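For reference, the structure is listed below as structure tokens.
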Amino acid sequence: VPLTACRASSRITMASLLAPYPGKQYLIGGNWKCNGTKESTAALVATLNGAGDIPAWCEVVVGVPSIHIGSVMGTLRKDIAIAAQDCSATGMGAYTGELSAAMLADYGVKWVILGHSERRTNQGESSALVATKTKQALDAGLSVMVCVGETLEEREAGRIDAVVLDDHMAALKGKFSEAEWARIAIAYEPVWAIGTGKTATPEQAQEVHASIRAWLSTNVSPAIAKATRIQYGGSMKGANAAGLLSKPDIDGGLIGGASLKAEFISGIAAVAPKP
């Protein structure tokens, strides 16, 4: 995992915030999805601000609805970075309703979530489109969480590799330099476990994560395979986070419902085992 700036609690010294953590950092991502009024978003920020310390071996990012990014950026604790939940496949120009990666970067956003299963399903986003958006984001200086994962029907039909590796991951092959890959995380989200209360067992998740890492080693490079953080994104919560994060190829989480609670920090980031 690339060394990044230590994202420790706002209650520790600025010197330690600037010092790199000498080892693996988990990437704990939150996805607020299409949730939040002005009032409830302010309350959520207050909850996260008071949710306790973040271990130095965790990098924490929250995906905020675009309309709330400005207000959250001004009030959220500084050891939590902000992600957008999507960006356009185009730059600035005559693209009514779109939000370009360059606009997000100019505003101070550091990350973007791309290819989430809800967008692949509800907006019909193809893997090729996700790859194009990823390139736009990287060119703008953003880091990217690229989501991949199979449905229950695909899993039961034995098509996990066909979907996750041969479609979702294959669309990324040959598109990015190794320097760009250093700003990409892969979020494995078994679609059947998102928002259902069901969770892949740590062993099931580890198996797919190991397959993704092997794909990266073969199709990008062994160094990138070792460095890339692969997050688990299927109903991670306080009750199962420690078990999932203990697996060798699970390098973090992309968390939905639990990211709207103090549990996101106190029950997930705070229990990540020290590497």
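A note on labels: chains of the structure tokens are A, B, ... as shown, every chain counts residues from 1, and ligands are counted from 1 in their shown order.
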
Segment 67-223 of chain A: which residues are strand (DSSP E or B) by DSSP, as a list in words?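 DSSP-assigned strand (DSSP E or B) residues in segment 67-223 of chain A: Ile80, Ala81, Ile82, Ala83, Ala84, Trp111, Val112, Ile113, Leu114, Ser143, Val144, Met145, Val146, Cys147, Val148, Ile184, Ala185, Ile186, Ala187 and Tyr188 of chain A.
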
Can you write out as a Markdown table which residues of segment 25-92 of chain A fall within 8 Å of segment 97-112 of chain A, alongside each residue's closest atom pair and its distance in Å to one decimal, counting only C-alpha atoms and ordering rows by chain and ascending residue number?
| residue | atom | partner | partner_atom | distance |
| --- | --- | --- | --- | --- |
| A:Val61 | CA | A:Trp111 | CA | 7.8 |
| A:Gly63 | CA | A:Val112 | CA | 7.4 |
| A:Ala81 | CA | A:Lys110 | CA | 6.8 |
| A:Ile82 | CA | A:Val109 | CA | 5.8 |
| A:Ala83 | CA | A:Trp111 | CA | 4.2 |
| A:Ala84 | CA | A:Val112 | CA | 4.6 |
| A:Gln85 | CA | A:Val112 | CA | 5.7 |
| A:Asp86 | CA | A:Val112 | CA | 6.0 |
| A:Cys87 | CA | A:Ser100 | CA | 5.4 |
| A:Ser88 | CA | A:Ser100 | CA | 5.0 |
| A:Ala89 | CA | A:Ser100 | CA | 7.5 |
| A:Thr90 | CA | A:Ser100 | CA | 6.5 |
| A:Gly91 | CA | A:Ser100 | CA | 5.5 |
| A:Met92 | CA | A:Ser100 | CA | 6.1 |

Using only C-alpha atoms, find each residue of segment 123-235 of chain A with at least one atom at most 10 Å away from an atom of segment 239-242 of chain A; report its shortest atom-to-atom pair and that distance in Å (one decimal), sort the rows by chain and rising residue number, and return the result as CSV.
residue,atom,partner,partner_atom,distance
A:Thr199,CA,A:Asn240,CA,8.6
A:Thr201,CA,A:Asn240,CA,9.0
A:Pro202,CA,A:Asn240,CA,8.6
A:Tyr232,CA,A:Ala241,CA,9.7
A:Ser235,CA,A:Asn240,CA,8.9

What is the atom CA of Gly267 of chain A-atom CA of Asp53 of chain A distance in Å, reported with one decimal?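 These atoms are spaced 11.1 Å apart.
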
Tell me which protein, DNA and RNA residues are within 8 Å of segment 30-45 of chain A, counting only C-alpha atoms, leaving out same-chain ones fewer than 6 positions away, and put them as number ranges by chain. A: 60-65, 68, 72, 75-76, 85, 253-257, 259-261, 264

Segment 158-164 of chain A environment, 12 Å, only C-alpha atoms, sequence neighbours closer than 3 positions dropped, as number ranges by chain: A: 115, 117, 126-127, 146-155, 167-172, 186-191, 204-205, 207-215

Tell me, as a PyMOL selection string, which residues lie within 10 Å of Gly197 of chain A, counting only C-alpha atoms; anything in the same chain fewer than 2 positions away does not count. chain A and resi 192-195+199+234-237+257

Secondary structure check, alpha helix (DSSP H) residues of segment 60-124 of chain A, as a PyMOL selection string: chain A and resi 69-75+101-107+117-122

Preceding selection exported with N, CA, C and O atoms as a PDB file, in the first residue's frame:
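Resulting contents of out.pdb:
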ATOM      1  N   ILE A  69     -21.382  18.976  -0.497  1.00  0.00           N
ATOM      2  CA  ILE A  69     -19.926  18.948  -0.392  1.00  0.00           C
ATOM      3  C   ILE A  69     -19.376  20.235   0.210  1.00  0.00           C
ATOM      4  O   ILE A  69     -18.499  20.207   1.088  1.00  0.00           O
ATOM      5  N   GLY A  70     -19.880  21.380  -0.227  1.00  0.00           N
ATOM      6  CA  GLY A  70     -19.356  22.656   0.264  1.00  0.00           C
ATOM      7  C   GLY A  70     -19.522  22.815   1.760  1.00  0.00           C
ATOM      8  O   GLY A  70     -18.570  23.178   2.472  1.00  0.00           O
ATOM      9  N   SER A  71     -20.709  22.546   2.256  1.00  0.00           N
ATOM     10  CA  SER A  71     -20.950  22.733   3.688  1.00  0.00           C
ATOM     11  C   SER A  71     -20.179  21.714   4.510  1.00  0.00           C
ATOM     12  O   SER A  71     -19.626  22.045   5.564  1.00  0.00           O
ATOM     13  N   VAL A  72     -20.104  20.469   4.033  1.00  0.00           N
ATOM     14  CA  VAL A  72     -19.378  19.439   4.772  1.00  0.00           C
ATOM     15  C   VAL A  72     -17.883  19.741   4.781  1.00  0.00           C
ATOM     16  O   VAL A  72     -17.200  19.588   5.801  1.00  0.00           O
ATOM     17  N   MET A  73     -17.359  20.205   3.684  1.00  0.00           N
ATOM     18  CA  MET A  73     -15.938  20.525   3.605  1.00  0.00           C
ATOM     19  C   MET A  73     -15.545  21.574   4.635  1.00  0.00           C
ATOM     20  O   MET A  73     -14.437  21.550   5.187  1.00  0.00           O
ATOM     21  N   GLY A  74     -16.450  22.485   4.921  1.00  0.00           N
ATOM     22  CA  GLY A  74     -16.153  23.559   5.860  1.00  0.00           C
ATOM     23  C   GLY A  74     -16.313  23.183   7.319  1.00  0.00           C
ATOM     24  O   GLY A  74     -15.856  23.929   8.199  1.00  0.00           O
ATOM     25  N   THR A  75     -16.945  22.041   7.594  1.00  0.00           N
ATOM     26  CA  THR A  75     -17.268  21.714   8.988  1.00  0.00           C
ATOM     27  C   THR A  75     -16.758  20.353   9.455  1.00  0.00           C
ATOM     28  O   THR A  75     -16.650  20.122  10.660  1.00  0.00           O
ATOM     29  N   ALA A 101     -14.778  16.133 -13.298  1.00  0.00           N
ATOM     30  CA  ALA A 101     -13.728  15.847 -12.323  1.00  0.00           C
ATOM     31  C   ALA A 101     -12.894  17.089 -12.050  1.00  0.00           C
ATOM     32  O   ALA A 101     -12.471  17.333 -10.911  1.00  0.00           O
ATOM     33  N   ALA A 102     -12.664  17.901 -13.086  1.00  0.00           N
ATOM     34  CA  ALA A 102     -11.879  19.121 -12.898  1.00  0.00           C
ATOM     35  C   ALA A 102     -12.573  20.088 -11.953  1.00  0.00           C
ATOM     36  O   ALA A 102     -11.915  20.768 -11.148  1.00  0.00           O
ATOM     37  N   MET A 103     -13.903  20.178 -12.022  1.00  0.00           N
ATOM     38  CA  MET A 103     -14.654  21.030 -11.088  1.00  0.00           C
ATOM     39  C   MET A 103     -14.484  20.539  -9.660  1.00  0.00           C
ATOM     40  O   MET A 103     -14.271  21.326  -8.734  1.00  0.00           O
ATOM     41  N   LEU A 104     -14.573  19.223  -9.475  1.00  0.00           N
ATOM     42  CA  LEU A 104     -14.437  18.656  -8.135  1.00  0.00           C
ATOM     43  C   LEU A 104     -13.044  18.935  -7.575  1.00  0.00           C
ATOM     44  O   LEU A 104     -12.887  19.343  -6.414  1.00  0.00           O
ATOM     45  N   ALA A 105     -12.019  18.723  -8.395  1.00  0.00           N
ATOM     46  CA  ALA A 105     -10.654  18.964  -7.939  1.00  0.00           C
ATOM     47  C   ALA A 105     -10.439  20.435  -7.605  1.00  0.00           C
ATOM     48  O   ALA A 105      -9.806  20.767  -6.596  1.00  0.00           O
ATOM     49  N   ASP A 106     -10.964  21.302  -8.435  1.00  0.00           N
ATOM     50  CA  ASP A 106     -10.818  22.740  -8.195  1.00  0.00           C
ATOM     51  C   ASP A 106     -11.477  23.158  -6.886  1.00  0.00           C
ATOM     52  O   ASP A 106     -11.004  24.073  -6.198  1.00  0.00           O
ATOM     53  N   TYR A 107     -12.526  22.450  -6.515  1.00  0.00           N
ATOM     54  CA  TYR A 107     -13.267  22.770  -5.292  1.00  0.00           C
ATOM     55  C   TYR A 107     -12.579  22.229  -4.045  1.00  0.00           C
ATOM     56  O   TYR A 107     -12.924  22.586  -2.924  1.00  0.00           O
ATOM     57  N   SER A 117     -22.346  -0.184  -7.966  1.00  0.00           N
ATOM     58  CA  SER A 117     -23.333  -1.096  -8.556  1.00  0.00           C
ATOM     59  C   SER A 117     -24.681  -0.419  -8.771  1.00  0.00           C
ATOM     60  O   SER A 117     -25.405  -0.764  -9.722  1.00  0.00           O
ATOM     61  N   GLU A 118     -25.041   0.532  -7.918  1.00  0.00           N
ATOM     62  CA  GLU A 118     -26.321   1.224  -8.100  1.00  0.00           C
ATOM     63  C   GLU A 118     -26.309   2.055  -9.373  1.00  0.00           C
ATOM     64  O   GLU A 118     -27.342   2.184 -10.040  1.00  0.00           O
ATOM     65  N   ARG A 119     -25.154   2.601  -9.739  1.00  0.00           N
ATOM     66  CA  ARG A 119     -25.073   3.358 -10.989  1.00  0.00           C
ATOM     67  C   ARG A 119     -24.955   2.409 -12.188  1.00  0.00           C
ATOM     68  O   ARG A 119     -25.529   2.673 -13.250  1.00  0.00           O
ATOM     69  N   ARG A 120     -24.254   1.313 -12.005  1.00  0.00           N
ATOM     70  CA  ARG A 120     -24.197   0.343 -13.105  1.00  0.00           C
ATOM     71  C   ARG A 120     -25.589  -0.192 -13.419  1.00  0.00           C
ATOM     72  O   ARG A 120     -25.947  -0.415 -14.588  1.00  0.00           O
ATOM     73  N   THR A 121     -26.403  -0.394 -12.355  1.00  0.00           N
ATOM     74  CA  THR A 121     -27.748  -0.950 -12.534  1.00  0.00           C
ATOM     75  C   THR A 121     -28.759   0.126 -12.909  1.00  0.00           C
ATOM     76  O   THR A 121     -29.462   0.001 -13.919  1.00  0.00           O
ATOM     77  N   ASN A 122     -28.836   1.174 -12.110  1.00  0.00           N
ATOM     78  CA  ASN A 122     -29.906   2.164 -12.289  1.00  0.00           C
ATOM     79  C   ASN A 122     -29.653   3.130 -13.437  1.00  0.00           C
ATOM     80  O   ASN A 122     -30.596   3.582 -14.096  1.00  0.00           O
TER      81      ASN A 122
END

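Closest approach to His116 of chain A among A:Val130, A:Leu244, A:Trp57, A:Leu165: A:Val130, based on only C-alpha atoms.
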
What's the 6 Å shell around segment 249-252 of chain A, counting only C-alpha atoms, without same-chain residues fewer than 2 positions away, as a compact mmCIF listing (two decimals) with all heavy atoms, in the first residue's frame?
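Result saved to out_9.txt:
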# COMPACT_ATOMS: atom_id res chain seq x y z
N TYR A 26 -5.18 1.14 5.95
CA TYR A 26 -6.49 0.75 5.45
C TYR A 26 -7.17 1.97 4.83
O TYR A 26 -6.97 3.10 5.28
CB TYR A 26 -7.37 0.24 6.59
CG TYR A 26 -6.88 -1.01 7.26
CD1 TYR A 26 -6.13 -0.93 8.44
CD2 TYR A 26 -7.16 -2.27 6.74
CE1 TYR A 26 -5.68 -2.08 9.07
CE2 TYR A 26 -6.72 -3.42 7.38
CZ TYR A 26 -5.98 -3.32 8.54
OH TYR A 26 -5.53 -4.45 9.17
N LEU A 27 -7.99 1.75 3.83
CA LEU A 27 -8.81 2.80 3.25
C LEU A 27 -10.25 2.54 3.68
O LEU A 27 -10.91 1.62 3.20
CB LEU A 27 -8.70 2.82 1.73
CG LEU A 27 -9.53 3.89 1.01
CD1 LEU A 27 -9.17 5.28 1.49
CD2 LEU A 27 -9.34 3.79 -0.51
N ILE A 28 -10.73 3.35 4.63
CA ILE A 28 -12.08 3.21 5.15
C ILE A 28 -12.94 4.28 4.48
O ILE A 28 -12.85 5.47 4.80
CB ILE A 28 -12.11 3.38 6.69
CG1 ILE A 28 -11.11 2.42 7.36
CG2 ILE A 28 -13.52 3.16 7.21
CD1 ILE A 28 -11.38 0.96 7.14
N HIS A 209 -11.10 -11.06 -3.19
CA HIS A 209 -10.03 -10.05 -3.09
C HIS A 209 -8.70 -10.63 -3.59
O HIS A 209 -7.95 -9.95 -4.30
CB HIS A 209 -9.89 -9.58 -1.65
CG HIS A 209 -10.91 -8.57 -1.24
ND1 HIS A 209 -10.59 -7.35 -0.66
CD2 HIS A 209 -12.26 -8.56 -1.34
CE1 HIS A 209 -11.68 -6.66 -0.41
NE2 HIS A 209 -12.72 -7.39 -0.81
N ALA A 210 -8.41 -11.87 -3.22
CA ALA A 210 -7.17 -12.50 -3.68
C ALA A 210 -7.17 -12.66 -5.20
O ALA A 210 -6.13 -12.49 -5.85
CB ALA A 210 -7.00 -13.86 -3.01
N ARG A 229 -4.94 -0.93 -2.78
CA ARG A 229 -5.85 -1.24 -1.68
C ARG A 229 -7.17 -1.75 -2.24
O ARG A 229 -7.78 -1.11 -3.09
CB ARG A 229 -6.05 0.00 -0.80
CG ARG A 229 -4.80 0.33 -0.01
CD ARG A 229 -4.97 1.56 0.85
NE ARG A 229 -5.00 2.78 0.07
CZ ARG A 229 -5.05 4.00 0.61
NH1 ARG A 229 -5.08 4.15 1.92
NH2 ARG A 229 -5.06 5.07 -0.16
N ILE A 230 -7.58 -2.92 -1.77
CA ILE A 230 -8.83 -3.54 -2.22
C ILE A 230 -9.79 -3.51 -1.04
O ILE A 230 -9.57 -4.16 -0.01
CB ILE A 230 -8.58 -4.98 -2.71
CG1 ILE A 230 -7.50 -5.00 -3.80
CG2 ILE A 230 -9.89 -5.57 -3.26
CD1 ILE A 230 -7.09 -6.39 -4.24
N GLN A 231 -10.85 -2.72 -1.18
CA GLN A 231 -11.83 -2.53 -0.10
C GLN A 231 -12.96 -3.55 -0.23
O GLN A 231 -13.31 -3.97 -1.34
CB GLN A 231 -12.43 -1.13 -0.17
CG GLN A 231 -11.43 0.02 -0.12
CD GLN A 231 -12.03 1.28 -0.71
OE1 GLN A 231 -11.97 1.50 -1.92
NE2 GLN A 231 -12.61 2.12 0.14
N LEU A 245 -11.45 -7.12 8.14
CA LEU A 245 -10.19 -6.40 7.97
C LEU A 245 -8.97 -7.21 8.40
O LEU A 245 -7.84 -6.83 8.09
CB LEU A 245 -10.24 -5.08 8.75
CG LEU A 245 -11.27 -4.05 8.24
CD1 LEU A 245 -11.37 -2.87 9.20
CD2 LEU A 245 -10.90 -3.58 6.84
N LYS A 247 -8.31 -10.11 7.23
CA LYS A 247 -7.90 -10.95 6.11
C LYS A 247 -6.79 -10.26 5.30
O LYS A 247 -6.79 -9.04 5.14
CB LYS A 247 -9.10 -11.25 5.21
CG LYS A 247 -10.15 -12.13 5.87
CD LYS A 247 -9.57 -13.48 6.26
CE LYS A 247 -10.59 -14.40 6.90
NZ LYS A 247 -9.98 -15.70 7.29

Quick one: pull the distance between atom CA of Ile268 of chain A and atom CA of Ile54 of chain A, Å, one decimal. 9.7 Å

To one decimal place in Å, what is the distance between atom CA of Ala182 of chain A and atom CA of Thr134 of chain A?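 So the answer is 12.8 Å.
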
With only C-alpha atoms as the basis for distance, which of A:Ser221, A:Gln206, A:Thr228, A:Ser66 is at the shortest distance from Ile184 of chain A?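 When distances to Ile184 of chain A are compared using only C-alpha atoms, the smallest one comes from A:Thr228.
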